[in-house]
Every structure is written in structure tokens, then in C-alpha cells.
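The next block is my_file_28.txt, given as compact mmCIF, C-alpha atoms.
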# COMPACT_ATOMS: atom_id res chain seq x y z
CA MET A 223 -5.22 36.16 -1.64
CA SER A 224 -3.47 34.47 1.31
CA THR A 225 0.28 34.57 1.82
CA ILE A 226 0.82 30.99 0.74
CA ASP A 227 -1.36 31.45 -2.34
CA ARG A 228 0.80 34.40 -3.33
CA LEU A 229 4.07 32.57 -2.60
CA PHE A 230 2.86 29.55 -4.53
CA SER A 231 1.78 31.69 -7.50
CA ASP A 232 5.14 33.48 -7.49
CA PHE A 233 6.89 30.10 -7.58
CA VAL A 234 4.75 28.84 -10.47
CA ASP A 235 5.27 32.05 -12.44
CA ALA A 236 9.03 31.84 -11.91
CA TRP A 237 8.99 28.16 -12.95
CA ASN A 238 7.09 28.91 -16.12
CA ARG A 239 9.44 31.81 -16.94
CA GLY A 240 12.33 29.33 -16.75
CA ASP A 241 13.98 30.96 -13.74
CA ASP A 242 14.58 27.66 -11.88
CA PRO A 243 13.03 28.95 -8.61
CA ARG A 244 14.24 27.45 -5.32
CA VAL A 245 11.79 25.53 -3.20
CA GLU A 246 13.73 26.24 -0.01
CA ALA A 247 13.70 30.01 -0.66
CA CYS A 248 9.96 29.89 -1.29
CA LEU A 249 9.35 27.91 1.91
CA ALA A 250 11.58 30.26 3.89
CA ARG A 251 9.30 33.18 2.97
CA ALA A 252 6.23 31.47 4.46
CA GLN A 253 5.20 31.77 8.09
CA PRO A 254 6.34 28.69 10.03
CA GLY A 255 2.73 27.64 10.62
CA GLU A 256 1.97 27.78 6.89
CA ARG A 257 5.03 25.95 5.59
CA ASP A 258 3.48 22.49 5.53
CA ALA A 259 0.51 23.72 3.49
CA LEU A 260 2.87 25.47 1.05
CA ARG A 261 5.10 22.38 0.92
CA ALA A 262 2.08 20.29 -0.10
CA LEU A 263 1.13 22.77 -2.84
CA LEU A 264 4.68 22.79 -4.20
CA ALA A 265 4.92 18.99 -4.10
CA ASP A 266 1.69 18.70 -6.09
CA TRP A 267 2.92 21.27 -8.60
CA LEU A 268 6.26 19.53 -9.12
CA ALA A 269 4.43 16.28 -9.87
CA VAL A 270 2.57 17.79 -12.82
CA ALA A 271 4.58 20.85 -13.86
CA PRO A 272 5.78 21.04 -17.45
CA THR A 273 9.51 20.72 -17.97
CA PRO A 274 10.63 24.33 -17.87
CA ALA A 275 12.28 26.00 -20.83
CA LEU A 276 15.06 27.51 -18.76
CA SER A 277 16.30 31.05 -19.32
CA PRO A 278 19.92 31.10 -20.58
CA PRO A 279 21.43 32.03 -17.18
CA ALA A 280 19.35 29.38 -15.38
CA ALA A 281 20.23 26.78 -18.03
CA ARG A 282 23.94 27.54 -17.60
CA ALA A 283 23.64 27.26 -13.82
CA VAL A 284 21.80 23.92 -14.04
CA ALA A 285 24.26 22.50 -16.57
CA ALA A 286 27.17 23.46 -14.30
CA ASP A 287 25.61 22.07 -11.10
CA PRO A 288 28.41 19.92 -9.61
CA ILE A 289 25.98 17.30 -8.29
CA LEU A 290 24.41 16.91 -11.73
CA ARG A 291 27.84 16.73 -13.41
CA ALA A 292 28.97 14.09 -10.91
CA ALA A 293 25.78 12.07 -11.37
CA VAL A 294 26.26 12.01 -15.13
CA ALA A 295 29.97 11.15 -14.89
CA ALA A 296 29.26 8.29 -12.46
CA THR A 297 27.26 6.38 -15.06
CA GLY A 298 30.29 5.91 -17.30
CA ARG A 299 32.81 4.58 -14.79
CA ASP A 300 33.64 1.17 -13.38
CA ALA A 301 33.89 2.89 -10.01
CA GLY A 302 30.48 4.57 -10.32
CA ALA A 303 30.01 7.42 -7.86
CA TRP A 304 32.94 6.47 -5.61
CA PRO A 305 35.27 9.31 -6.73
CA GLU A 306 32.71 11.84 -5.47
CA LEU A 307 31.24 9.85 -2.62
CA LEU A 308 34.25 8.34 -0.84
CA PRO A 309 36.30 11.54 -0.38
CA ARG A 310 33.16 13.37 0.80
CA LEU A 311 32.32 10.70 3.37
CA ARG A 312 35.92 10.54 4.56
CA GLU A 313 36.13 14.33 4.91
CA ARG A 314 32.98 14.26 7.00
CA THR A 315 34.63 11.86 9.44
CA GLY A 316 37.73 14.09 9.57
CA LEU A 317 39.98 11.09 8.87
CA SER A 318 43.00 10.99 6.56
CA ILE A 319 43.37 8.13 4.09
CA ARG A 320 46.16 6.78 6.27
CA ALA A 321 43.85 6.82 9.32
CA VAL A 322 41.14 4.96 7.39
CA ALA A 323 43.76 2.43 6.25
CA GLU A 324 44.84 1.89 9.85
CA ARG A 325 41.27 1.15 10.90
CA ILE A 326 40.68 -1.18 7.98
CA THR A 327 43.87 -3.14 8.57
CA GLY A 328 42.96 -3.27 12.25
CA VAL A 329 39.56 -4.81 11.48
CA PHE A 330 41.10 -7.54 9.31
CA GLY A 331 44.17 -8.20 11.44
CA LEU A 332 46.56 -6.88 8.78
CA ARG A 333 48.75 -4.66 10.91
CA GLY A 334 51.89 -3.55 9.10
CA GLN A 335 50.12 -3.26 5.73
CA GLU A 336 48.72 0.23 6.29
CA GLU A 337 50.73 1.77 3.47
CA ARG A 338 49.47 -0.71 0.86
CA ALA A 339 45.93 -0.36 2.14
CA ALA A 340 46.19 3.45 1.95
CA ALA A 341 47.41 3.19 -1.67
CA ARG A 342 44.43 0.97 -2.55
CA LEU A 343 42.02 3.34 -0.80
CA GLU A 344 43.49 6.21 -2.80
CA GLN A 345 42.84 4.22 -5.97
CA MET A 346 39.24 3.71 -4.87
CA GLU A 347 38.80 7.43 -4.26
CA ARG A 348 40.27 8.28 -7.67
CA GLY A 349 37.98 5.80 -9.40
CA GLU A 350 40.89 3.61 -10.47
CA LEU A 351 39.57 0.40 -8.92
CA ASP A 352 36.74 -1.50 -10.54
CA ALA A 353 33.94 -1.56 -7.97
CA SER A 354 32.91 -5.04 -9.03
CA ARG A 355 36.29 -6.40 -7.82
CA VAL A 356 36.11 -4.99 -4.30
CA SER A 357 34.96 -7.45 -1.64
CA ARG A 358 31.77 -6.92 0.34
CA ARG A 359 33.67 -7.57 3.56
CA LEU A 360 35.87 -4.59 2.81
CA LEU A 361 32.89 -2.39 1.89
CA ASP A 362 31.12 -3.31 5.12
CA ALA A 363 34.22 -2.42 7.15
CA LEU A 364 34.81 0.77 5.19
CA GLY A 365 31.15 1.70 5.58
CA THR A 366 31.45 1.28 9.35
CA VAL A 367 34.46 3.64 9.38
CA LEU A 368 32.73 6.19 7.11
CA GLY A 369 29.34 6.00 8.82
CA VAL A 370 27.23 4.44 6.06
CA PRO A 371 26.15 0.84 5.41
CA GLY A 372 28.38 -1.20 3.10
CA ASP A 373 25.34 -1.84 0.90
CA GLU A 374 25.19 1.83 0.05
CA LEU A 375 28.86 1.94 -0.92
CA ALA A 376 28.32 -1.12 -3.12
CA GLU A 377 25.27 0.44 -4.75
CA ALA A 378 27.08 3.72 -5.44
CA GLY A 379 29.94 1.84 -7.06
CA THR A 380 27.88 -0.12 -9.54
CA LEU A 381 26.28 2.33 -11.94
CA ARG A 382 27.58 0.96 -15.24
CA PHE A 383 25.13 0.59 -18.08
CA LEU A 384 24.03 -3.02 -18.45
CA PRO A 385 22.50 -3.66 -21.85
CA ALA A 386 19.52 -5.96 -21.99
CA VAL A 387 20.84 -9.36 -23.02
CA ALA A 388 19.00 -11.10 -25.82
CA PRO A 389 18.54 -14.84 -25.22
CA ALA A 390 21.25 -16.88 -26.91
CA ALA A 391 20.21 -18.72 -30.06
CA LEU A 392 20.20 -22.48 -29.60
CA PHE A 393 21.20 -24.55 -32.59
CA ARG A 394 22.88 -27.77 -33.56
CA ALA A 395 25.34 -27.64 -36.39
CA ASP A 396 24.48 -30.09 -39.13
CA GLY A 397 27.68 -29.77 -41.13
CA GLU A 398 31.19 -28.57 -40.18
CA PRO A 399 31.37 -26.76 -36.80
CA LEU A 400 31.88 -23.03 -37.10
CA ARG A 401 35.48 -21.89 -37.51
CA ALA A 402 34.93 -19.23 -34.83
CA LEU A 403 33.88 -21.88 -32.34
CA ALA A 404 37.02 -23.90 -33.02
CA GLU A 405 39.13 -20.75 -32.52
CA ASP A 406 37.40 -19.98 -29.22
CA LEU A 407 38.06 -23.50 -28.00
CA ALA A 408 41.72 -23.24 -29.00
CA GLU A 409 42.07 -19.98 -27.05
CA LEU A 410 40.41 -21.51 -24.01
CA ALA A 411 42.77 -24.48 -24.18
CA ALA A 412 45.78 -22.14 -24.40
CA ALA A 413 44.54 -20.13 -21.43
CA ALA A 414 44.03 -23.30 -19.40
CA ALA A 415 47.60 -24.38 -20.12
CA ALA A 416 49.13 -21.01 -19.12
CA PRO A 417 50.69 -20.78 -15.63
CA ALA A 418 48.31 -19.47 -12.97
CA PRO A 419 48.97 -15.95 -11.63
CA PRO A 420 50.52 -15.79 -8.15
CA PRO A 421 47.87 -16.17 -5.44
CA MET A 422 46.56 -12.94 -3.91
CA ASP A 423 47.34 -12.15 -0.32
CA GLU A 424 44.52 -11.15 2.06
CA LEU A 425 44.84 -7.41 1.38
CA ASP A 426 44.69 -7.88 -2.41
CA ARG A 427 41.75 -10.23 -2.02
CA LEU A 428 39.87 -7.51 -0.16
CA PHE A 429 40.48 -4.90 -2.86
CA LEU A 430 40.65 -7.04 -5.99
CA GLY A 431 39.22 -10.46 -5.23
CA GLY A 432 35.59 -9.79 -6.13
CA PRO A 433 32.46 -9.30 -4.03
CA SER A 434 32.60 -12.65 -2.25
CA ALA A 435 36.34 -12.54 -1.45
CA MET B 231 12.79 18.89 -26.98
CA SER B 232 9.92 18.04 -24.60
CA ASP B 233 10.31 15.92 -21.50
CA ASP B 234 8.40 13.06 -23.13
CA GLU B 235 10.78 13.15 -26.09
CA HIS B 236 13.87 13.06 -23.85
CA LEU B 237 12.37 10.08 -22.07
CA ARG B 238 11.48 8.26 -25.30
CA ARG B 239 14.96 8.79 -26.70
CA PHE B 240 16.55 7.42 -23.53
CA LEU B 241 14.29 4.34 -23.52
CA ALA B 242 14.92 3.65 -27.21
CA CYS B 243 18.69 3.74 -26.72
CA ARG B 244 18.50 1.66 -23.55
CA ASP B 245 16.40 -1.02 -25.19
CA ALA B 246 18.71 -1.12 -28.21
CA GLY B 247 21.70 -1.69 -25.87
CA ASP B 248 23.27 1.54 -27.11
CA GLU B 249 25.31 2.63 -24.08
CA ALA B 250 26.68 5.86 -25.58
CA GLY B 251 23.25 6.86 -26.86
CA ALA B 252 21.56 5.98 -23.58
CA ARG B 253 24.10 7.97 -21.57
CA ALA B 254 23.78 11.00 -23.86
CA ALA B 255 19.99 10.83 -23.67
CA TRP B 256 20.19 10.35 -19.92
CA GLU B 257 22.32 13.48 -19.57
CA ALA B 258 19.79 15.47 -21.61
CA LEU B 259 16.86 14.05 -19.63
CA LEU B 260 18.54 14.62 -16.27
CA THR B 261 19.58 18.17 -17.18
CA ALA B 262 16.11 19.06 -18.48
CA GLU B 263 14.46 17.61 -15.39
CA TRP B 264 17.05 18.77 -12.84
CA PRO B 265 14.90 21.69 -11.60
CA ARG B 266 12.07 19.23 -10.90
CA ILE B 267 14.39 16.70 -9.22
CA LYS B 268 15.95 19.42 -7.04
CA GLY B 269 12.49 20.69 -6.20
CA ILE B 270 11.23 17.25 -5.20
CA VAL B 271 14.29 16.79 -2.96
CA ASP B 272 13.79 20.23 -1.42
CA VAL B 273 10.13 19.65 -0.52
CA GLN B 274 11.14 16.63 1.58
CA GLU B 275 10.49 17.61 5.14
CA ALA B 276 12.96 15.08 6.49
CA LEU B 277 16.14 16.77 5.18
CA PHE B 278 17.58 19.45 7.38
CA THR B 279 21.09 20.41 6.35
CA ARG B 280 22.63 21.42 3.04
CA ASP B 281 24.94 18.39 3.18
CA GLU B 282 22.01 16.05 3.69
CA ARG B 283 20.15 17.66 0.83
CA ASP B 284 23.13 17.35 -1.53
CA GLU B 285 23.73 13.78 -0.44
CA ALA B 286 20.09 12.88 -1.04
CA LEU B 287 20.27 14.49 -4.48
CA SER B 288 23.34 12.42 -5.42
CA ILE B 289 21.85 9.20 -4.08
CA ALA B 290 18.51 9.88 -5.79
CA ALA B 291 20.26 10.48 -9.14
CA GLY B 292 22.15 7.19 -8.79
CA LYS B 293 19.03 5.26 -7.81
CA LEU B 294 17.08 6.84 -10.63
CA TRP B 295 19.70 5.91 -13.23
CA LYS B 296 19.90 2.37 -11.91
CA GLY B 297 16.13 2.01 -11.92
CA MET B 298 15.87 3.51 -15.37
CA ILE B 299 18.41 1.17 -16.94
CA THR B 300 17.18 -1.98 -15.24
CA SER B 301 13.50 -1.95 -14.42
CA PHE B 302 11.68 1.19 -15.61
CA ARG B 303 8.94 0.20 -18.02
CA GLY B 304 6.98 3.46 -18.16
CA THR B 305 6.72 5.70 -21.19
CA SER B 306 5.01 8.83 -19.90
CA LYS B 307 6.04 11.88 -17.93
CA GLY B 308 3.70 10.84 -15.11
CA GLU B 309 5.48 7.52 -14.72
CA TRP B 310 8.86 9.26 -14.86
CA VAL B 311 7.80 11.76 -12.16
CA ASN B 312 6.58 8.89 -9.99
CA ALA B 313 9.95 7.17 -10.40
CA VAL B 314 11.70 10.42 -9.41
CA ARG B 315 9.51 10.86 -6.34
CA ARG B 316 10.07 7.26 -5.26
CA CYS B 317 13.86 7.50 -5.66
CA VAL B 318 13.97 10.83 -3.83
CA TRP B 319 11.89 9.47 -1.00
CA PHE B 320 14.14 6.43 -0.60
CA ALA B 321 17.25 8.62 -0.82
CA ALA B 322 15.92 11.02 1.83
CA GLN B 323 15.07 8.11 4.14
CA GLN B 324 18.52 6.62 3.60
CA VAL B 325 20.29 9.90 4.39
CA GLN B 326 18.21 10.40 7.53
CA ARG B 327 18.73 6.84 8.72
CA ASP B 328 22.50 7.05 8.20
CA ALA B 329 22.70 10.39 10.02
CA ALA B 330 20.77 8.96 12.98
CA LYS B 331 23.03 5.89 13.10
CA ARG B 332 26.19 8.00 12.98
CA LYS B 333 24.91 10.17 15.80
CA ALA B 334 23.99 7.17 17.93
CA ARG B 335 27.35 5.53 17.30
CA GLU B 336 29.18 8.70 18.26
CA GLU B 337 27.17 8.96 21.45
CA LEU B 338 27.80 5.32 22.26
CA GLY B 339 31.47 5.52 21.35
CA LEU B 340 31.22 2.38 19.20
CA GLY B 341 34.34 1.28 17.36
CA ASP B 342 34.88 0.20 13.76
CA ASP B 343 34.97 -3.54 14.30
CA GLU B 344 32.55 -5.83 12.53
CA GLY B 345 30.31 -6.14 15.61
CA ALA B 346 29.63 -2.40 15.76
CA GLY B 347 26.66 -2.57 13.41
CA TRP B 348 25.05 -5.35 15.42
CA ARG B 349 25.61 -3.49 18.68
CA TYR B 350 24.02 -0.37 17.17
CA ASP B 351 20.95 -2.35 16.01
CA LYS B 352 20.52 -3.81 19.50
CA PHE B 353 20.84 -0.33 21.00
CA ALA B 354 18.30 1.07 18.49
CA ARG B 355 15.79 -1.69 19.31
CA GLU B 356 16.20 -1.01 23.02
CA GLN B 357 15.74 2.71 22.43
CA GLU B 358 12.57 2.14 20.40
CA LYS B 359 11.19 -0.17 23.05
CA ALA B 360 12.00 2.32 25.81
CA ALA B 361 10.40 5.16 23.82
CA ALA B 362 7.22 3.12 23.29
CA THR B 363 7.06 2.27 27.01
CA ASP B 364 7.52 5.94 27.93
CA PHE B 365 4.78 6.99 25.53
CA VAL B 366 2.27 4.43 26.83
CA ALA B 367 3.00 5.42 30.43
CA TRP B 368 2.40 9.06 29.55
CA ALA B 369 -0.55 8.69 27.18
CA VAL B 370 -2.90 6.03 28.55
CA PRO B 371 -3.85 7.93 31.72
CA GLN B 372 -4.79 10.88 29.50
CA ILE B 373 -7.46 9.05 27.48
CA PRO B 374 -10.53 11.01 28.61
CA ASP B 375 -13.17 8.26 28.64
CA GLU B 376 -12.71 5.90 31.56
CA ARG B 377 -13.99 2.77 29.80
CA GLN B 378 -11.93 3.45 26.64
CA ARG B 379 -8.89 3.99 28.87
CA HIS B 380 -9.49 0.70 30.65
CA VAL B 381 -9.91 -1.26 27.41
CA VAL B 382 -6.74 0.22 25.92
CA ARG B 383 -4.75 -0.46 29.07
CA GLN B 384 -5.95 -4.04 29.31
CA THR B 385 -5.29 -4.60 25.59
CA LEU B 386 -1.75 -3.27 25.88
CA GLU B 387 -1.16 -5.56 28.84
CA GLY B 388 -2.11 -8.52 26.69
CA ALA B 389 -5.64 -9.30 27.92
CA SER B 390 -7.85 -11.15 25.44
CA SER B 391 -11.12 -9.74 24.14
CA ASP B 392 -13.07 -12.38 26.06
CA GLU B 393 -11.35 -11.45 29.33
CA ILE B 394 -12.09 -7.73 28.90
CA MET B 395 -15.73 -8.42 27.87
CA ALA B 396 -16.21 -10.59 30.95
CA GLU B 397 -14.57 -8.07 33.25
CA LEU B 398 -16.64 -5.13 32.02
CA GLY B 399 -19.79 -7.12 31.24
CA ILE B 400 -20.07 -5.71 27.71
CA SER B 401 -20.81 -7.17 24.28
CA ARG B 402 -18.17 -7.82 21.66
CA ASP B 403 -19.51 -4.97 19.48
CA ASN B 404 -19.28 -2.62 22.42
CA LEU B 405 -15.74 -3.75 23.18
CA TYR B 406 -14.66 -3.15 19.59
CA LYS B 407 -16.15 0.35 19.63
CA LEU B 408 -14.43 1.22 22.92
CA ARG B 409 -11.15 -0.19 21.68
CA GLN B 410 -11.32 1.70 18.37
CA ARG B 411 -12.17 5.01 20.04
CA GLY B 412 -9.54 4.46 22.70
CA HIS B 413 -6.89 3.92 20.05
CA GLU B 414 -8.06 6.99 18.15
CA ALA B 415 -7.52 8.99 21.34
CA LEU B 416 -4.09 7.34 21.67
CA ALA B 417 -3.20 8.32 18.08
CA LYS B 418 -4.05 11.97 18.82
CA LEU B 419 -1.87 11.85 21.91
CA LYS B 420 0.95 10.32 19.81
CA GLU B 421 0.91 13.39 17.58
CA GLN B 422 1.35 15.59 20.66
CA TRP B 423 4.10 13.28 21.93
CA ASP B 424 5.99 13.38 18.62
CA ALA B 425 5.65 17.16 18.44
Could you render the structure from this file as C-alpha cells?
Amino acid sequence: MSTIDRLFSDFVDAWNRGDDPRVEACLARAQPGERDALRALLADWLAVAPTPALSPPAARAVAADPILRAAVAATGRDAGAWPELLPRLRERTGLSIRAVAERITGVFGLRGQEERAAARLEQMERGELDASRVSRRLLDALGTVLGVPGDELAEAGTLRFLPAVAPAALFRADGEPLRALAEDLAELAAAAAAPAPPPMDELDRLFLGGPSA
Amino acid sequence: MSDDEHLRRFLACRDAGDEAGARAAWEALLTAEWPRIKGIVDVQEALFTRDERDEALSIAAGKLWKGMITSFRGTSKGEWVNAVRRCVWFAAQQVQRDAAKRKAREELGLGDDEGAGWRYDKFAREQEKAAATDFVAWAVPQIPDERQRHVVRQTLEGASSDEIMAELGISRDNLYKLRQRGHEALAKLKEQWDA
């Protein structure tokens, strides 16, 4: 039996025992010239392998994996994966929130508003801002500062569950219109008559004005 | 519960618009399949550092969730594994591309203004063009057969098939054979160049 056959068999046995074997450890044991062949064997195995019944220690380790926990948590937030992603990207650049705020305000010509921008950025990092309200212009600028495209920041922020929408029923009322419809119309009329909120300034538009702001 | 059952439960909740049920089923499915997802990320040759690997894993999980709630129509483990592989591949490419861009921007000393991305793209195109020119200059003289070498060189310089046929006094079939073999030789040299 060749070295890679043995390494591959060891991996498969460990997988089937529920040990959650590590691909990188398996590859590290192969000779450099044999790694690609072993990589191909492992890739083929992972495509067809049964879901392992993990041993209790392996199951505990998987369940506690911080990346898995973060991925699950991100699906239930209006800010998606931003609370994990944004601090990590910022730490990689070595910039403080204040420094990022200075660069952002510089890009948009908003000198003097660094403190407010920093507070908004902190909200983004804590997951307190709804990602769907943040403008694409801001995400593009932030992405440039953090070293990733704005598209990727937008994608990471929008992980909310969107239920399939059933087509609305079309009907024409023959008799009295529905009471609920009349109530909805009354509420809409009241809302239309209410005073408009104060207009947003440029900084608020960037953080709260919606994707096209 | 088997992997197929986890998947069926997730799809049933998703299609019923049951967010809480879908998220619970998703957590069970993701946890059960996490060893496979990690494994598929780790067999990607393109990822080098631990940070890149973790980043790809996070991005892949996000892409997978998004794909599963919006467009996944499969029902079997095979289709699920294909979706995982596709998401991991895209995530690995994304992480690699971003790392290369960051490196280039650092080397170029580009700022944060809105034109930085455009300036990087222009730089990248120029780099690719320069790399291709360097490769051709290195590789073409090494094509062993003289006639194949001539056909490849003329083709790369923009000569038409008719011009090359007339110059060498050969038939179209013969030209095509020489061109194909010449480009096969070029492809082998490209592997050496990349290595």
C-alpha cells in the first residue's frame, strides 16, 4: 500500500468513526509531491461520504466552533454577518474605528463629523444598524478602507430569511368593501397628514438612507 | 437524523415560510454537515493562511444559506454537496482575489478615495498584459518544431490564416495541424512558466 493510500484510508476510517479528522493534518503528512493526488482523493471522498455520526467530544467541538456559531447567528439578524465580519476586517487593517471614520468622512467631504461617523460605525459593528438601510456608496467606501469590495459587505449584511411570497389574490368586492380595507385606508390617510420627519443630513443618509442614498 | 432528513426538514420549513423552523433546521443541517464543509474548504488548494481559510468558511456559510433560502431546488444529498462545493469554490476565489487586491494596493500606495478601485483595475489589466507579453517572449522561441513555432508566432502577431498559408505554401489542413500542435507546446510551456 502506498503512503497516500494509507493516509487516505486513515482519514476515511477516522471519518467513519466520527472523529472529525482534519484535511490539513492529513495533507501535511503526505510527501509534497503526493499532496495533489491525496487532495483529489479527499475531495472525491468528501463529495460522497456519509454524514458522520460524530463521537461526543467531536460533536461538542463542532457545535462550539466559533465560525459555525457566527454563521448560524448571522441568519437571524438585520445586520447579518457584520458583527463578526466588520471588526475582523478592521483589525486586519490595524485601524481604530476613529481612524476608519476619518477616512470615510474624508471620502465624502464631511470633515468635522468624525465623531458621529465613528458612533455609526460602532453601531454597524455591534449589529445595531439594519443593513438594508445603509447606502451602497458608504459600503463601497468602507470596503475600500477595509480591503474588500462593497458588494461583499452588502452581501454579508443581508442574510435575513425571506419567505416565499404567495401571489396576492385578485378579487372585486360585490357587496360592502371589507372593514379591514377601510381601516387600512384610514391609517394611510392619517400617516399622510402627519408632519414629515426632519430631513436627514448627508451623514445620516449614508448610514440610514437606504441602499440608493 | 440522516443528512437527507435534515435537508428535507429545512426545505419543508423554508417552503412553508416558517422562519423559526427553517433557522432551527438550518442549524441542525449546518452542524451535521460542518465536518464536510470544513473538509471541502480545506482541500481547496488556493487557500494558504489560517485567516484565509476561516474567512472562506464564513463566506461559504453565508453564501450557502442565501442560496438555500432563495434558489436551491434540490432534494438529495448529492445536490446539497454540489451546492456546498460551489459556494466553497466561490468563497475561496473571493478570498484570494481580495487578498491579491489588498497586496497590490499596498504596494501601489493607493488611497481610500472612490477612484482607488478603478486605478487598481487599470493596474491589474496592465500587469496581466505585461505578464502575457513576458510569457510569449519567453515561450515561443522554445517551441521545438520550427514550422509550429513560425505559425504560432505569426498567429500571435495577428496574421490571417490565408497569409500564413501563402507564406509557407501549405494547405489549410496542414496549417490547422501546425497551429494546434504549436499551441499544445505553448500550453506545456505555460505550465512550466506558472510553476
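For the residues A:Glu246, A:Asp426, A:Asp300, A:Asp235, ranking by smallest atom-to-atom distance to chain B using all atoms listed in the file places A:Glu246 first.
The smallest atom-to-atom distance between Arg335 of chain B and any of A:Pro420, A:Gly369, A:Asp241, A:Leu400, using only C-alpha atoms, is found for A:Gly369.
Shortest atom-to-atom contact with chain B among A:Gly372, A:Pro417, A:Gly349, A:Pro433: A:Gly372, counting all atoms listed in the file.
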9 Å contact set for Ala322 of chain B, only C-alpha atoms, chain neighbours under 6 positions out, as a PDB file with C-alpha atoms, in the frame of the given file:
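After the write, part_33.pdb holds the following:
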ATOM      1  CA  VAL B 271      14.290  16.790  -2.960  1.00  0.00           C
ATOM      2  CA  GLN B 274      11.140  16.630   1.580  1.00  0.00           C
ATOM      3  CA  ALA B 276      12.960  15.080   6.490  1.00  0.00           C
ATOM      4  CA  LEU B 277      16.140  16.770   5.180  1.00  0.00           C
ATOM      5  CA  GLU B 282      22.010  16.050   3.690  1.00  0.00           C
ATOM      6  CA  ARG B 283      20.150  17.660   0.830  1.00  0.00           C
ATOM      7  CA  GLU B 285      23.730  13.780  -0.440  1.00  0.00           C
ATOM      8  CA  ALA B 286      20.090  12.880  -1.040  1.00  0.00           C
ATOM      9  CA  LEU B 287      20.270  14.490  -4.480  1.00  0.00           C
ATOM     10  CA  ILE B 289      21.850   9.200  -4.080  1.00  0.00           C
ATOM     11  CA  ALA B 290      18.510   9.880  -5.790  1.00  0.00           C
TER      12      ALA B 290
END
Using all atoms listed in the file, find all polymer residues with an atom at most 12 Å away from the point (22.2, 6.6, -9.3); report them as JSON, numbers by chain. {"A": [289, 290, 292, 293, 294, 295, 296, 297, 298, 302, 303, 304, 307, 374, 375, 376, 377, 378, 379, 380, 381, 382, 383], "B": [256, 260, 285, 286, 287, 288, 289, 290, 291, 292, 293, 294, 295, 296, 297, 298, 299, 300, 314, 317, 318, 320, 321]}
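Picture a line from atom CA of Glu414 of chain B to atom CA of Ile373 of chain B; it runs 9.6 Å.
Residues of protein, DNA and RNA with at least one atom no farther than 12 Å from (-12.8, -7.8, 31.5) are, using all atoms listed in the file, Arg377, His380, Val381, Val382, Arg383, Gln384, Thr385, Gly388, Ala389, Ser390, Ser391, Asp392, Glu393, Ile394, Met395, Ala396, Glu397, Leu398, Gly399, Ile400, Ser401, Arg402 and Leu405 of chain B.
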Which residues of chain B have any atom within 8 Å of an atom in chain A when counting only C-alpha atoms, and what is the closest pair of atoms for each, with the distance in Å to one decimal? Order the rows by chain and rising number and write it as a Markdown table.
| residue | atom | partner | partner_atom | distance |
| --- | --- | --- | --- | --- |
| B:Ser232 | CA | A:Thr273 | CA | 7.2 |
| B:Asp233 | CA | A:Thr273 | CA | 6.0 |
| B:Arg244 | CA | A:Pro385 | CA | 6.9 |
| B:Asp245 | CA | A:Ala386 | CA | 6.7 |
| B:Ala246 | CA | A:Pro385 | CA | 7.8 |
| B:Gly247 | CA | A:Pro385 | CA | 4.5 |
| B:Asp248 | CA | A:Pro385 | CA | 7.4 |
| B:Glu249 | CA | A:Phe383 | CA | 6.3 |
| B:Arg253 | CA | A:Thr297 | CA | 7.4 |
| B:Trp256 | CA | A:Val294 | CA | 7.9 |
| B:Glu257 | CA | A:Val294 | CA | 6.1 |
| B:Leu260 | CA | A:Leu290 | CA | 7.8 |
| B:Thr261 | CA | A:Ala285 | CA | 6.4 |
| B:Ala262 | CA | A:Thr273 | CA | 6.8 |
| B:Glu263 | CA | A:Thr273 | CA | 6.4 |
| B:Trp264 | CA | A:Val284 | CA | 7.1 |
| B:Pro265 | CA | A:Asp242 | CA | 6.0 |
| B:Arg266 | CA | A:Leu268 | CA | 6.1 |
| B:Gly269 | CA | A:Val245 | CA | 5.7 |
| B:Ile270 | CA | A:Ala265 | CA | 6.6 |
| B:Asp272 | CA | A:Val245 | CA | 5.9 |
| B:Val273 | CA | A:Arg261 | CA | 5.9 |
| B:Asp284 | CA | A:Ile289 | CA | 7.3 |
| B:Leu287 | CA | A:Ile289 | CA | 7.4 |
| B:Ser288 | CA | A:Ile289 | CA | 6.2 |
| B:Ile289 | CA | A:Ala378 | CA | 7.7 |
| B:Ala291 | CA | A:Ala293 | CA | 6.2 |
| B:Gly292 | CA | A:Ala293 | CA | 6.6 |
| B:Trp295 | CA | A:Leu381 | CA | 7.6 |
| B:Lys296 | CA | A:Leu381 | CA | 6.4 |
| B:Ile299 | CA | A:Phe383 | CA | 6.8 |
| B:Thr300 | CA | A:Leu384 | CA | 7.6 |
| B:Gly308 | CA | A:Val270 | CA | 7.4 |
| B:Val311 | CA | A:Ala269 | CA | 6.1 |
| B:Asn312 | CA | A:Ala269 | CA | 7.7 |
| B:Asp328 | CA | A:Val370 | CA | 5.8 |
| B:Lys331 | CA | A:Gly369 | CA | 7.6 |
| B:Arg332 | CA | A:Gly369 | CA | 5.6 |
| B:Asp342 | CA | A:Val367 | CA | 5.6 |
| B:Asp343 | CA | A:Val329 | CA | 5.5 |
| B:Glu344 | CA | A:Ala363 | CA | 6.6 |
| B:Ala346 | CA | A:Thr366 | CA | 7.6 |
| B:Gly347 | CA | A:Thr366 | CA | 7.4 |
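Each of B:Ala252, B:Val325, B:Gln372, B:Asp234 was checked against Thr279 of chain B using all atoms listed in the file; the smallest atom-to-atom distance is that of B:Val325.
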Show me, as a PyMOL selection string, the residues that have an atom within 7 Å of Ser357 of chain A when counting only C-alpha atoms, minus same-chain residues fewer than 4 positions from it. chain A and resi 361+428-429+431-435
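In this structure, atom CA of Trp310 of chain B sits 21.7 Å away from atom CA of Glu275 of chain B.
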Write out as a VMD selection string each polymer residue whose atoms come within 6 Å of segment 339-348 of chain A, counting all atoms listed in the file; drop sequence neighbours fewer than 2 positions from it. chain A and resid 305 308 319 to 320 323 336 to 337 350 to 351
Between atom CA of Thr225 of chain A and atom CA of Gly255 of chain A, what is the spacing in Å? 11.5 Å
